[in-house]
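K.L.:
Can you read through this structure? Questions will come right after.
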2 protein chains.
Amino acid sequence: MPSRQPKRRDAVQTRAALLAAAAEAFARHGFKETRVREICAKAKANLGAVSHYFGTKEALYREVLVMAHRQLVDGERVPEISPGDDPRTALRNWVHFALRLFLLRGAAHPYAGRLFARELRDPTAALDELVAEVMLPVRRSLERVIAALLGDFDEPGLRGQCANFVLALCVMHEQGQEVLRRIGYPAPRTETGLIPLADAITEFALGGMGRIRDLGDRPLRS
Amino acid sequence: MPSRQPKRRDAVQTRAALLAAAAEAFARHGFKETRVREICAKAKANLGAVSHYFGTKEALYREVLVMAHRQLVDGERVPEISPGDDPRTALRNWVHFALRLFLLRGAAHPYAGRLFARELRDPTAALDELVAEVMLPVRRSLERVIAALLGDFDEPGLRGQCANFVLALCVMHEQGQEVLRRIGYPAPRTETGLIPLADAITEFALGGMGRIRDLGDRPLRS
DNA sequence: CAGTAAGTCATACAATTGTATGATATAAGG
DNA sequence: CCTTATATCATACAATTGTATGACTTACTG
């Protein structure tokens, strides 16, 4: 027999429901604009539940980010490039990974990408930790791909700038969704709809880095 | 003699002070996070002033956007390409214009770019009008440059997608400022600091569009 | 100089929202 | 069965914030 019968509704269950409801709400509206009352209602919990289980709204938010991070790291493998791989394919994989993270609700991490994107555009106190724990590692994997693409012209400053550019191309389709939709470029919401966009971004970025490489030692910053 | 002596402090002066203070505050914190009390304090006006002069906070916000729009259109010329111009130079001009708008405080329009960028990342009810009045015209001028660059391969869908990409490269340096600063890429804040970034973006974009053009009829979307 | 229109001010008010608390119900242990 | 721990609940409270108002002051007008 189980060592302990659950009560009418167990604490762990309520906690989990609160975390899930909070993740969705925070991803949708951001930290400030999310109401504790909304979270509790969605979780079918009492208003005092957040106080009881997490202390404050901010502590709950931090737990949500931790949960999202965990779901992401053991739910999906950040694409890595191995010696001998075609760097162009590796770039395509990375772009596809980033777009899927930002635009789709992965089964293992339904709101991780949206949460991180929101933190990126509207930072809270949790940003610093998030940068170190999540964003930098993912970025490093992109930088390794770029280093391979730049070849002999690889150099930390240039590599980082190219990484910024590639990231910009990916993240804009999350950040600018509302505007893009209004001018006729709705963000894809399905796995197959993602592919042409990922391909286009990849080719654009390949061309961009190719040109920067071709410009070679002719210094970019005059 | 003037038809009317100003009172202790004239109404138009108070109105203007409110508008200026509101523009700065809205650009810094966004609509929701800006407090009417903060605006009035900065403008050295009474708390009731917003009610009195504009009715509601939202009406004040709309007036701020209108003012920013006006300041922008008759304070700065959106770069246009003329037949015979080098499209690469035209692209560089456009990128430089966009970066200056987003990152610098123009004398004629101190907060226009920041306000529009904020509306872009965090839309309010005013977004639709703003898209039609400001964003679309500026975007059209970029599209004309891109059309020239794509040459025979120009086609509305492709042109629009390339415009999105170029815009992404420019706008990310406003949207992602906090994160970029933390990872060692602080946004330039001076006219001269802007130039290398504008050049890099331009070359990257030229390479990207060049490759897309070279891929030619080989369809991008498989 | 009296009267009037208007700008400014202190203040109030209702709504929203995060947080806290005391009571009640439920289940486990002896 | 009785005690104890705890999950849940209704409710309260203080702080914040947008909006509104009535009184006071100032300056123009006849």
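Going by the structure tokens order, chains are called A, B, ..., each with residues numbered from 1, while ligands are numbered from 1 in the order shown.
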Please give the complete set of residues from chain B that DSSP, run on the backbone, assigns to alpha helix (DSSP H), formatted as a VMD selection string.
P.N.:
chain B and resid 11 to 33 36 to 42 49 to 54 57 to 73 87 to 103 112 to 121 127 to 130 136 to 150 156 to 175 177 to 182 191 to 215
K.L.:
Let me see the file: selected residues, C-alpha atoms, as a short mmCIF file (atom, residue, chain, number, x, y, z; two decimals), in the first residue's frame.
P.N.:
data_model
loop_
_atom_site.label_atom_id
_atom_site.label_comp_id
_atom_site.auth_asym_id
_atom_site.auth_seq_id
_atom_site.Cartn_x
_atom_site.Cartn_y
_atom_site.Cartn_z
CA ALA B 11 -1.92 76.19 -20.73
CA VAL B 12 0.01 75.49 -23.91
CA GLN B 13 3.21 75.39 -21.93
CA THR B 14 1.79 72.89 -19.46
CA ARG B 15 0.41 70.79 -22.26
CA ALA B 16 3.77 70.77 -23.99
CA ALA B 17 5.57 69.87 -20.77
CA LEU B 18 3.16 67.01 -20.21
CA LEU B 19 3.67 65.73 -23.73
CA ALA B 20 7.44 65.88 -23.45
CA ALA B 21 7.52 64.18 -20.07
CA ALA B 22 5.08 61.56 -21.25
CA ALA B 23 7.09 60.83 -24.38
CA GLU B 24 10.20 60.14 -22.37
CA ALA B 25 8.38 58.06 -19.79
CA PHE B 26 6.43 56.01 -22.33
CA ALA B 27 9.59 55.40 -24.35
CA ARG B 28 11.40 54.24 -21.25
CA HIS B 29 8.81 52.08 -19.55
CA GLY B 30 6.03 51.45 -22.05
CA PHE B 31 2.40 52.43 -21.70
CA LYS B 32 1.26 50.17 -18.89
CA GLU B 33 4.31 50.65 -16.71
CA VAL B 36 0.49 59.23 -14.56
CA ARG B 37 2.00 60.51 -11.34
CA GLU B 38 5.49 60.17 -12.78
CA ILE B 39 4.55 62.13 -15.90
CA CYS B 40 2.99 64.94 -13.92
CA ALA B 41 5.91 65.12 -11.54
CA LYS B 42 8.42 65.30 -14.38
CA ALA B 49 -3.41 67.85 -15.31
CA VAL B 50 -3.59 64.72 -17.44
CA SER B 51 -7.28 64.43 -16.74
CA HIS B 52 -7.76 68.10 -17.48
CA TYR B 53 -5.76 68.36 -20.71
CA PHE B 54 -6.10 64.93 -22.26
CA LYS B 57 -3.81 58.34 -19.93
CA GLU B 58 -4.53 56.49 -23.15
CA ALA B 59 -5.54 59.67 -24.94
CA LEU B 60 -2.30 61.25 -23.80
CA TYR B 61 -0.41 58.26 -25.17
CA ARG B 62 -2.08 58.61 -28.54
CA GLU B 63 -1.15 62.28 -28.64
CA VAL B 64 2.44 61.38 -27.82
CA LEU B 65 2.54 58.97 -30.72
CA VAL B 66 1.07 61.56 -33.06
CA MET B 67 3.63 64.08 -31.90
CA ALA B 68 6.48 61.62 -32.39
CA HIS B 69 5.20 60.82 -35.85
CA ARG B 70 5.05 64.45 -36.82
CA GLN B 71 8.50 65.15 -35.40
CA LEU B 72 9.85 62.27 -37.39
CA VAL B 73 8.30 63.03 -40.75
CA PRO B 87 21.43 50.07 -54.39
CA ARG B 88 24.17 48.95 -52.03
CA THR B 89 24.75 52.52 -50.92
CA ALA B 90 21.02 52.95 -50.62
CA LEU B 91 20.81 49.93 -48.36
CA ARG B 92 23.61 51.26 -46.21
CA ASN B 93 21.76 54.56 -45.92
CA TRP B 94 18.57 52.85 -44.91
CA VAL B 95 20.27 50.71 -42.28
CA HIS B 96 22.03 53.73 -40.90
CA PHE B 97 18.75 55.61 -40.78
CA ALA B 98 17.01 52.78 -38.93
CA LEU B 99 19.80 52.33 -36.40
CA ARG B 100 19.95 56.04 -35.70
CA LEU B 101 16.21 56.13 -35.27
CA PHE B 102 16.17 53.24 -32.83
CA LEU B 103 19.35 53.84 -30.87
CA ALA B 112 10.15 58.54 -31.76
CA GLY B 113 12.25 55.49 -32.47
CA ARG B 114 12.10 54.16 -28.96
CA LEU B 115 8.35 54.63 -28.85
CA PHE B 116 7.81 52.80 -32.10
CA ALA B 117 10.16 50.01 -31.09
CA ARG B 118 8.26 49.59 -27.86
CA GLU B 119 4.96 49.48 -29.67
CA LEU B 120 6.52 46.86 -31.89
CA ARG B 121 7.52 44.60 -29.07
CA LEU B 127 -0.55 49.66 -32.98
CA ASP B 128 -2.82 49.34 -36.00
CA GLU B 129 -2.82 53.03 -36.72
CA LEU B 130 0.92 53.17 -36.14
CA LEU B 136 4.50 50.68 -43.57
CA PRO B 137 5.88 53.80 -45.29
CA VAL B 138 9.33 53.27 -43.82
CA ARG B 139 9.16 49.65 -44.78
CA ARG B 140 8.13 50.47 -48.33
CA SER B 141 11.23 52.57 -48.78
CA LEU B 142 13.31 49.60 -47.66
CA GLU B 143 11.45 47.35 -50.04
CA ARG B 144 12.27 49.60 -52.96
CA VAL B 145 15.96 49.32 -52.12
CA ILE B 146 15.65 45.56 -51.88
CA ALA B 147 13.79 45.36 -55.16
CA ALA B 148 16.71 47.09 -56.81
CA LEU B 149 19.15 44.70 -55.16
CA LEU B 150 17.23 41.59 -56.16
CA PRO B 156 6.85 40.42 -53.74
CA GLY B 157 7.13 37.46 -51.38
CA LEU B 158 10.89 37.30 -51.52
CA ARG B 159 11.21 41.06 -51.27
CA GLY B 160 9.05 41.17 -48.18
CA GLN B 161 10.95 38.37 -46.54
CA CYS B 162 14.25 40.09 -47.16
CA ALA B 163 12.79 43.29 -45.72
CA ASN B 164 11.84 41.38 -42.60
CA PHE B 165 15.37 40.08 -42.29
CA VAL B 166 17.00 43.47 -42.67
CA LEU B 167 14.56 44.96 -40.21
CA ALA B 168 15.33 42.18 -37.76
CA LEU B 169 19.03 42.92 -37.93
CA CYS B 170 18.37 46.57 -37.15
CA VAL B 171 15.68 46.26 -34.53
CA MET B 172 17.37 43.58 -32.47
CA HIS B 173 19.93 46.05 -31.29
CA GLU B 174 17.14 48.00 -29.67
CA GLN B 175 14.95 45.15 -28.46
CA GLN B 177 19.82 45.77 -25.56
CA GLU B 178 19.77 44.38 -22.05
CA VAL B 179 20.86 40.92 -23.07
CA LEU B 180 23.38 42.12 -25.63
CA ARG B 181 24.97 44.38 -23.07
CA ARG B 182 25.31 41.50 -20.64
CA GLU B 191 26.78 58.77 -34.16
CA THR B 192 30.29 57.46 -34.83
CA GLY B 193 29.76 54.31 -32.81
CA LEU B 194 26.88 53.50 -35.09
CA ILE B 195 28.89 53.33 -38.27
CA PRO B 196 30.71 50.02 -37.88
CA LEU B 197 27.50 48.32 -36.84
CA ALA B 198 25.62 49.79 -39.77
CA ASP B 199 28.40 48.66 -42.11
CA ALA B 200 28.42 45.15 -40.71
CA ILE B 201 24.66 44.82 -41.00
CA THR B 202 24.75 46.16 -44.53
CA GLU B 203 27.42 43.73 -45.68
CA PHE B 204 25.68 40.83 -43.98
CA ALA B 205 22.41 41.71 -45.63
CA LEU B 206 24.03 42.24 -49.02
CA GLY B 207 25.58 38.82 -48.76
CA GLY B 208 22.31 37.27 -47.71
CA MET B 209 20.36 38.76 -50.57
CA GLY B 210 23.13 37.99 -52.97
CA ARG B 211 22.98 34.35 -52.06
CA ILE B 212 19.22 34.27 -52.29
CA ARG B 213 19.53 35.80 -55.71
CA ASP B 214 22.22 33.35 -56.76
CA LEU B 215 20.08 30.46 -55.65
#
K.L.:
Please tabulate, as a tab-separated table, the residues of chain D that come within 8 Å of chain A, each with its closest pair of atoms and the distance in Å to one decimal, counting only C-alpha atoms (C1' of nucleotides) and ordering rows by chain, then residue number upward.
P.N.:
residue	atom	partner	partner_atom	distance
D:DA7	C1'	A:Ala11	CA	6.8
D:DT8	C1'	A:Asn46	CA	7.0
D:DC9	C1'	A:Asn46	CA	6.7
K.L.:
Nearest residue to DG18 in chain D out of B:Ser82, B:Thr34, B:Thr190, B:Thr124, using only C-alpha atoms (C1' of nucleotides)?
P.N.:
B:Thr34
K.L.:
At a cut-off of 10 Å, using only C-alpha atoms (C1' of nucleotides), what residues contact DT16 in chain D? Leave out same-chain residues fewer than 2 positions from it and give the result as a ChimeraX atom specification.
P.N.:
/C:16-17 /D:14
K.L.:
Could you take the residues named above and write them with N, CA, C and O atoms (P, O5', C5', C4', C3', O3' and C1' of nucleotides), as a short mmCIF file (atom, residue, chain, number, x, y, z; two decimals), in the first residue's frame?
P.N.:
data_model
loop_
_atom_site.label_atom_id
_atom_site.label_comp_id
_atom_site.auth_asym_id
_atom_site.auth_seq_id
_atom_site.Cartn_x
_atom_site.Cartn_y
_atom_site.Cartn_z
P DT C 16 -11.84 46.44 -11.30
"O5'" DT C 16 -10.30 46.22 -10.99
"C5'" DT C 16 -9.36 47.12 -11.57
"C4'" DT C 16 -7.98 46.87 -11.00
"C3'" DT C 16 -7.59 45.39 -10.86
"O3'" DT C 16 -6.36 45.21 -11.52
"C1'" DT C 16 -7.13 46.56 -8.86
P DT C 17 -5.82 43.73 -11.86
"O5'" DT C 17 -4.81 43.47 -10.66
"C5'" DT C 17 -3.90 44.48 -10.30
"C4'" DT C 17 -3.13 44.07 -9.07
"C3'" DT C 17 -3.01 42.55 -8.87
"O3'" DT C 17 -1.67 42.23 -8.63
"C1'" DT C 17 -3.75 43.58 -6.90
P DA D 14 -4.82 47.96 6.90
"O5'" DA D 14 -3.47 48.37 6.17
"C5'" DA D 14 -2.40 47.41 6.09
"C4'" DA D 14 -1.68 47.56 4.77
"C3'" DA D 14 -1.45 49.02 4.33
"O3'" DA D 14 -0.14 49.14 3.84
"C1'" DA D 14 -2.62 47.86 2.64
#
K.L.:
So that each row is one residue of chain C with an atom at most 12 Å from chain A, can you give its shortest atom pair and the distance in Å to one decimal, using only C-alpha atoms (C1' of nucleotides), rows by chain and rising number, as JSON lines?
P.N.:
{"residue": "C:DT16", "atom": "C1'", "partner": "A:Arg35", "partner_atom": "CA", "distance": 10.1}
{"residue": "C:DT17", "atom": "C1'", "partner": "A:Arg35", "partner_atom": "CA", "distance": 7.5}
{"residue": "C:DG18", "atom": "C1'", "partner": "A:Val36", "partner_atom": "CA", "distance": 7.6}
{"residue": "C:DT19", "atom": "C1'", "partner": "A:Ser51", "partner_atom": "CA", "distance": 6.9}
{"residue": "C:DA20", "atom": "C1'", "partner": "A:Ser51", "partner_atom": "CA", "distance": 8.0}
{"residue": "C:DT21", "atom": "C1'", "partner": "A:Gly48", "partner_atom": "CA", "distance": 9.7}
{"residue": "C:DA25", "atom": "C1'", "partner": "A:Arg8", "partner_atom": "CA", "distance": 9.6}
{"residue": "C:DT26", "atom": "C1'", "partner": "A:Lys7", "partner_atom": "CA", "distance": 6.5}
{"residue": "C:DA27", "atom": "C1'", "partner": "A:Lys7", "partner_atom": "CA", "distance": 6.1}
{"residue": "C:DA28", "atom": "C1'", "partner": "A:Arg4", "partner_atom": "CA", "distance": 7.9}
{"residue": "C:DG29", "atom": "C1'", "partner": "A:Arg4", "partner_atom": "CA", "distance": 11.5}
K.L.:
Keeping only N, CA and C atoms (P, O5', C5', C4', C3', O3' and C1' of nucleotides), write those residues as a JSON list (two decimals), in the first residue's frame.
P.N.:
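Output contents, as saved in out-v5.json:
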[["chain", "number", "residue", "atom", "x", "y", "z"],
["C", 16, "DT", "P", -11.84, 46.44, -11.30],
["C", 16, "DT", "O5'", -10.30, 46.22, -10.99],
["C", 16, "DT", "C5'", -9.36, 47.12, -11.57],
["C", 16, "DT", "C4'", -7.98, 46.87, -11.00],
["C", 16, "DT", "C3'", -7.59, 45.39, -10.86],
["C", 16, "DT", "O3'", -6.36, 45.21, -11.52],
["C", 16, "DT", "C1'", -7.13, 46.56, -8.86],
["C", 17, "DT", "P", -5.82, 43.73, -11.86],
["C", 17, "DT", "O5'", -4.81, 43.47, -10.66],
["C", 17, "DT", "C5'", -3.90, 44.48, -10.30],
["C", 17, "DT", "C4'", -3.13, 44.07, -9.07],
["C", 17, "DT", "C3'", -3.01, 42.55, -8.87],
["C", 17, "DT", "O3'", -1.67, 42.23, -8.63],
["C", 17, "DT", "C1'", -3.75, 43.58, -6.90],
["C", 18, "DG", "P", -1.13, 40.71, -8.78],
["C", 18, "DG", "O5'", -0.18, 40.59, -7.51],
["C", 18, "DG", "C5'", 0.80, 41.60, -7.29],
["C", 18, "DG", "C4'", 1.20, 41.63, -5.83],
["C", 18, "DG", "C3'", 1.61, 40.28, -5.25],
["C", 18, "DG", "O3'", 2.77, 40.44, -4.45],
["C", 18, "DG", "C1'", -0.19, 41.20, -3.99],
["C", 19, "DT", "P", 3.43, 39.16, -3.79],
["C", 19, "DT", "O5'", 2.75, 39.14, -2.36],
["C", 19, "DT", "C5'", 2.84, 40.31, -1.55],
["C", 19, "DT", "C4'", 2.06, 40.13, -0.26],
["C", 19, "DT", "C3'", 2.32, 38.82, 0.48],
["C", 19, "DT", "O3'", 2.88, 39.10, 1.75],
["C", 19, "DT", "C1'", -0.01, 39.33, 0.39],
["C", 20, "DA", "P", 3.32, 37.91, 2.71],
["C", 20, "DA", "O5'", 2.11, 37.90, 3.76],
["C", 20, "DA", "C5'", 1.63, 39.13, 4.27],
["C", 20, "DA", "C4'", 0.41, 38.89, 5.14],
["C", 20, "DA", "C3'", 0.53, 37.69, 6.08],
["C", 20, "DA", "O3'", 0.17, 38.08, 7.39],
["C", 20, "DA", "C1'", -1.48, 37.56, 4.81],
["C", 21, "DT", "P", 0.40, 37.04, 8.61],
["C", 21, "DT", "O5'", -1.08, 36.63, 9.02],
["C", 21, "DT", "C5'", -2.12, 37.60, 8.89],
["C", 21, "DT", "C4'", -3.45, 36.95, 9.23],
["C", 21, "DT", "C3'", -3.35, 35.71, 10.12],
["C", 21, "DT", "O3'", -4.44, 35.70, 11.02],
["C", 21, "DT", "C1'", -4.51, 35.17, 8.18],
["C", 25, "DA", "P", -16.22, 22.56, 8.44],
["C", 25, "DA", "O5'", -15.39, 21.59, 7.47],
["C", 25, "DA", "C5'", -15.09, 22.02, 6.14],
["C", 25, "DA", "C4'", -14.01, 21.12, 5.55],
["C", 25, "DA", "C3'", -14.24, 19.62, 5.78],
["C", 25, "DA", "O3'", -13.92, 18.92, 4.59],
["C", 25, "DA", "C1'", -12.13, 20.23, 6.63],
["C", 26, "DT", "P", -14.45, 17.42, 4.39],
["C", 26, "DT", "O5'", -13.11, 16.58, 4.30],
["C", 26, "DT", "C5'", -12.05, 17.05, 3.48],
["C", 26, "DT", "C4'", -10.74, 16.42, 3.92],
["C", 26, "DT", "C3'", -10.83, 14.93, 4.24],
["C", 26, "DT", "O3'", -9.96, 14.23, 3.38],
["C", 26, "DT", "C1'", -9.57, 16.10, 5.87],
["C", 27, "DA", "P", -10.13, 12.64, 3.17],
["C", 27, "DA", "O5'", -8.79, 12.10, 3.83],
["C", 27, "DA", "C5'", -7.54, 12.58, 3.36],
["C", 27, "DA", "C4'", -6.46, 12.38, 4.41],
["C", 27, "DA", "C3'", -6.28, 10.93, 4.90],
["C", 27, "DA", "O3'", -4.91, 10.63, 4.93],
["C", 27, "DA", "C1'", -6.50, 12.37, 6.72],
["C", 28, "DA", "P", -4.40, 9.15, 4.65],
["C", 28, "DA", "O5'", -3.29, 8.98, 5.79],
["C", 28, "DA", "C5'", -2.21, 9.91, 5.82],
["C", 28, "DA", "C4'", -1.70, 10.06, 7.24],
["C", 28, "DA", "C3'", -1.36, 8.73, 7.94],
["C", 28, "DA", "O3'", -0.04, 8.80, 8.46],
["C", 28, "DA", "C1'", -2.78, 10.06, 9.31],
["C", 29, "DG", "P", 0.63, 7.50, 9.09],
["C", 29, "DG", "O5'", 0.49, 7.75, 10.64],
["C", 29, "DG", "C5'", 1.02, 8.94, 11.21],
["C", 29, "DG", "C4'", 0.87, 8.93, 12.72],
["C", 29, "DG", "C3'", 1.18, 7.58, 13.38],
["C", 29, "DG", "O3'", 1.85, 7.81, 14.61],
["C", 29, "DG", "C1'", -1.06, 8.17, 13.87]]
K.L.:
Counting only C-alpha atoms, figure out which residue out of B:Pro123, B:Pro83, B:Pro186, B:Gly151 gets nearest to chain A.
P.N.:
B:Pro123
K.L.:
Rounded to one decimal in Å, what is the spacing between C1' of DA12 in chain D and C1' of DA14 in chain C?
P.N.:
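Result for C1' of DA12 in chain D versus C1' of DA14 in chain C: 17.3 Å, one decimal.
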K.L.:
When distances are computed from only C-alpha atoms, which of B:Gly184, B:Asp85, B:Glu80, B:Arg105 shows the smallest separation from Val131 in chain A?
P.N.:
B:Gly184
K.L.:
Kindly indicate which residue among B:Asp154, B:Glu76, B:Arg189, B:Asp122 lies nearest to chain A, using only C-alpha atoms for the distances.
P.N.:
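Closest to chain A, using only C-alpha atoms: B:Asp122.
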K.L.:
Have a look at D:DC28, D:DA20, D:DA5, D:DA10 and name the one nearest to DG3 in chain C; count only C-alpha atoms (C1' of nucleotides).
P.N.:
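The shortest atom-to-atom distance to DG3 in chain C comes from D:DC28.
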K.L.:
Restricting the calculation to only C-alpha atoms (C1' of nucleotides): of C:DG30, C:DG22, C:DC13, C:DT8, which residue gets closest to DC2 in chain D?
P.N.:
C:DG30
